[in-house]
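Since the structure comes first, as structure tokens, the remarks are kept for the end.
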Amino acid sequence: QPETLCETLRAFTMSTTADDRMRRETNLLDKRRAKIRPEDEQATKDWIQAVTGEDMSGSLQEKLQDGKVLCTLVNKIKPGTIKKVNESKMAFKQMENIKFFLDACVALGVPQTQLFLTPDLYEGKDMLQVMGCIAALGTAARKQSGFAGPHFGVASKAAPAAPAPTPVAAAPIVEEEEEPEPEPEPEAVKEPTPEPAAAESAPEP
């Protein structure tokens with residue numbers, strides 16, 4: 001009896017823990033889905049349709065789930081990147097297409113941090129991350145010399161070149177003129193001082 005009770009308690013605990021984990025994951029996914037703006041999703045679909053020619057009306061997740069459109073997108077950006085695309089409707093073949101796409105993204109310069117996990121798309125667990133990856137691919141596509149657009153994502157900005165310094169004109173060299181020596185002032189002519197007249201002697205009587 002004690003063993004049966006312990007097993008029951010253990011099973012109950014495991015079940016409760018699993019339920020809590022699923023509840024947390026569901027809440028997290030709901031929060032991620034709430035962050036998806038309809039205009040961003042539409043812009044993503046518009047770009048894919050413009051590049052591939054595929055009809056992207058309807059759910060983005062459903063249109064991309066089998067990975068074929070994503071493989072086509074990569075090959076439009078850089079032809080021959082993905083050699084073979086699975087046409088099968090088997091789940092593992094469709095997920096393989098998604099893996100082909102993710103590998104191609106890395107080859108084209110998409111950072112690892114911008115990639116998504118296969119279940120994020122195939123099971124619709126995190127379409128926000130999927131859209132972020134496609135936007136990063138659009139940014140990387142700008143660097144592909146053979147891809148003329150249309151473009152998507154953020155254009156990487158190169159640092160502007162520093163303007164060339166404006167040449168400063170050399171100041172003209174002005175020779176200093178020697179100041180003429182001052183002419184000596186003419187000496188004042190001294191007038192002769194008149195001699196005092198001799199005293200007249202008194203007349204003799």
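Order determines the names: the first chain of the structure tokens is A, the second B, and so forth; residues in each chain are numbered 1 upward, and ligands are numbered 1 upward as they are shown.
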Please list as number ranges by chain every residue within 8 Å of stretch 76-88 of chain A, counting only C-alpha atoms and excluding residues in the same chain fewer than 5 positions away. A: 51-52, 68, 71, 93-94, 96-97, 100-101, 104, 141, 144, 146-147
Would you mind reading off the distance between atom CA of A:Cys133 and atom CA of A:Cys105, one decimal, in Å?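 For atom CA of A:Cys133 relative to atom CA of A:Cys105, the distance reads 8.4 Å.
Nearest residue to A:Gly153, choosing from A:Val69, A:Leu117, A:Val110, A:Ala91 and counting only C-alpha atoms: A:Val110.
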Using backbone DSSP assignments, extract all alpha helix (DSSP H) residues from stretch 22-129 of chain A; output them as a ChimeraX atom specification. /A:22-34,38-52,60-64,68-77,91-107,118-122,127-129
Name the residues in contact with A:Thr139 at a cut-off of 12 Å, using only C-alpha atoms, excluding same-chain residues fewer than 2 positions from it; report them as a tab-separated table (two decimals) with N, CA, C and O atoms, in the first residue's frame.
chain	number	residue	atom	x	y	z
A	77	ILE	N	17.35	34.89	-54.68
A	77	ILE	CA	18.37	35.83	-54.23
A	77	ILE	C	19.74	35.42	-54.76
A	77	ILE	O	20.50	36.25	-55.29
A	105	CYS	N	20.58	30.61	-45.25
A	105	CYS	CA	20.62	31.93	-44.61
A	105	CYS	C	22.00	32.20	-44.03
A	105	CYS	O	22.56	33.30	-44.18
A	108	LEU	N	24.48	33.01	-46.67
A	108	LEU	CA	24.29	34.33	-47.27
A	108	LEU	C	24.62	35.46	-46.30
A	108	LEU	O	24.54	36.63	-46.68
A	109	GLY	N	24.96	35.12	-45.06
A	109	GLY	CA	25.40	36.14	-44.12
A	109	GLY	C	24.43	36.51	-43.03
A	109	GLY	O	24.64	37.50	-42.32
A	110	VAL	N	23.37	35.72	-42.84
A	110	VAL	CA	22.44	36.01	-41.74
A	110	VAL	C	23.08	35.54	-40.43
A	110	VAL	O	23.53	34.39	-40.34
A	111	PRO	N	23.13	36.39	-39.40
A	111	PRO	CA	23.73	35.98	-38.12
A	111	PRO	C	22.96	34.81	-37.49
A	111	PRO	O	21.75	34.70	-37.64
A	114	GLN	N	19.84	35.42	-35.51
A	114	GLN	CA	18.61	35.80	-36.20
A	114	GLN	C	17.84	34.59	-36.75
A	114	GLN	O	16.75	34.75	-37.28
A	132	GLY	N	11.55	37.76	-38.17
A	132	GLY	CA	12.82	38.44	-37.94
A	132	GLY	C	13.93	37.84	-38.79
A	132	GLY	O	14.79	38.56	-39.31
A	133	CYS	N	13.92	36.52	-38.94
A	133	CYS	CA	14.92	35.85	-39.77
A	133	CYS	C	14.77	36.25	-41.25
A	133	CYS	O	15.76	36.51	-41.94
A	134	ILE	N	13.53	36.33	-41.72
A	134	ILE	CA	13.30	36.72	-43.11
A	134	ILE	C	13.74	38.16	-43.34
A	134	ILE	O	14.31	38.49	-44.39
A	135	ALA	N	13.49	39.02	-42.37
A	135	ALA	CA	13.95	40.41	-42.49
A	135	ALA	C	15.48	40.48	-42.53
A	135	ALA	O	16.07	41.25	-43.29
A	136	ALA	N	16.14	39.63	-41.72
A	136	ALA	CA	17.60	39.58	-41.73
A	136	ALA	C	18.12	39.06	-43.06
A	136	ALA	O	19.16	39.52	-43.56
A	137	LEU	N	17.39	38.12	-43.66
A	137	LEU	CA	17.76	37.63	-45.00
A	137	LEU	C	17.64	38.77	-46.02
A	137	LEU	O	18.47	38.91	-46.91
A	141	ALA	N	20.55	40.09	-48.37
A	141	ALA	CA	20.38	40.03	-49.82
A	141	ALA	C	20.88	41.29	-50.51
A	141	ALA	O	21.25	41.27	-51.68
A	142	ARG	N	20.88	42.40	-49.78
A	142	ARG	CA	21.36	43.66	-50.36
A	142	ARG	C	22.83	43.58	-50.75
A	142	ARG	O	23.30	44.34	-51.61
A	143	LYS	N	23.56	42.68	-50.12
A	143	LYS	CA	25.00	42.55	-50.39
A	143	LYS	C	25.30	41.58	-51.53
A	143	LYS	O	26.46	41.40	-51.89
A	144	GLN	N	24.26	40.93	-52.06
A	144	GLN	CA	24.46	39.98	-53.16
A	144	GLN	C	24.48	40.74	-54.48
A	144	GLN	O	23.51	41.38	-54.86
A	147	PHE	N	21.68	40.20	-57.12
A	147	PHE	CA	20.28	40.38	-56.74
A	147	PHE	C	19.92	41.86	-56.84
A	147	PHE	O	20.44	42.69	-56.11
A	149	GLY	N	16.82	43.12	-56.42
A	149	GLY	CA	15.67	43.52	-55.63
A	149	GLY	C	14.40	42.85	-56.11
A	149	GLY	O	14.45	41.99	-56.99
A	150	PRO	N	13.26	43.21	-55.55
A	150	PRO	CA	13.07	44.26	-54.54
A	150	PRO	C	13.73	43.93	-53.22
A	150	PRO	O	13.94	42.76	-52.92
A	151	HIS	N	14.05	44.98	-52.48
A	151	HIS	CA	14.78	44.80	-51.23
A	151	HIS	C	13.84	44.84	-50.03
A	151	HIS	O	12.72	45.34	-50.10
A	152	PHE	N	14.35	44.30	-48.94
A	152	PHE	CA	13.57	44.21	-47.71
A	152	PHE	C	14.56	44.25	-46.56
A	152	PHE	O	15.75	44.00	-46.73
A	153	GLY	N	14.08	44.58	-45.37
A	153	GLY	CA	14.98	44.62	-44.23
A	153	GLY	C	15.67	45.97	-44.13
A	153	GLY	O	15.37	46.91	-44.87
A	154	VAL	N	16.61	46.03	-43.24
A	154	VAL	CA	17.30	47.28	-42.96
A	154	VAL	C	18.59	47.35	-43.74
A	154	VAL	O	19.39	46.41	-43.73
A	155	ALA	N	18.77	48.46	-44.46
A	155	ALA	CA	20.02	48.64	-45.19
A	155	ALA	C	21.14	48.93	-44.22
A	155	ALA	O	21.00	49.75	-43.32
A	156	SER	N	22.26	48.22	-44.38
A	156	SER	CA	23.40	48.49	-43.51
A	156	SER	C	24.04	49.79	-43.94
A	156	SER	O	24.27	50.02	-45.11
A	157	LYS	N	24.30	50.64	-42.98
A	157	LYS	CA	24.85	51.96	-43.28
A	157	LYS	C	26.35	51.95	-43.08
A	157	LYS	O	26.84	51.61	-42.02
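Using only C-alpha atoms, the smallest distance between any of A:Ala34, A:Leu121, A:Leu128, A:Ala107 and A:Lys63 comes from A:Leu121.
Rounded to one decimal, atom CA of A:Ala50 and atom CA of A:Thr72 lie 12.0 Å from each other.
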One decimal, Å: what's the distance from atom CA of A:Met127 over to atom CA of A:Lys45, could you say? 12.6 Å
Ranking A:Asp120, A:Lys125, A:Ala43, A:Val74 by minimum distance to A:Val106 and counting only C-alpha atoms, which one comes first? A:Val74
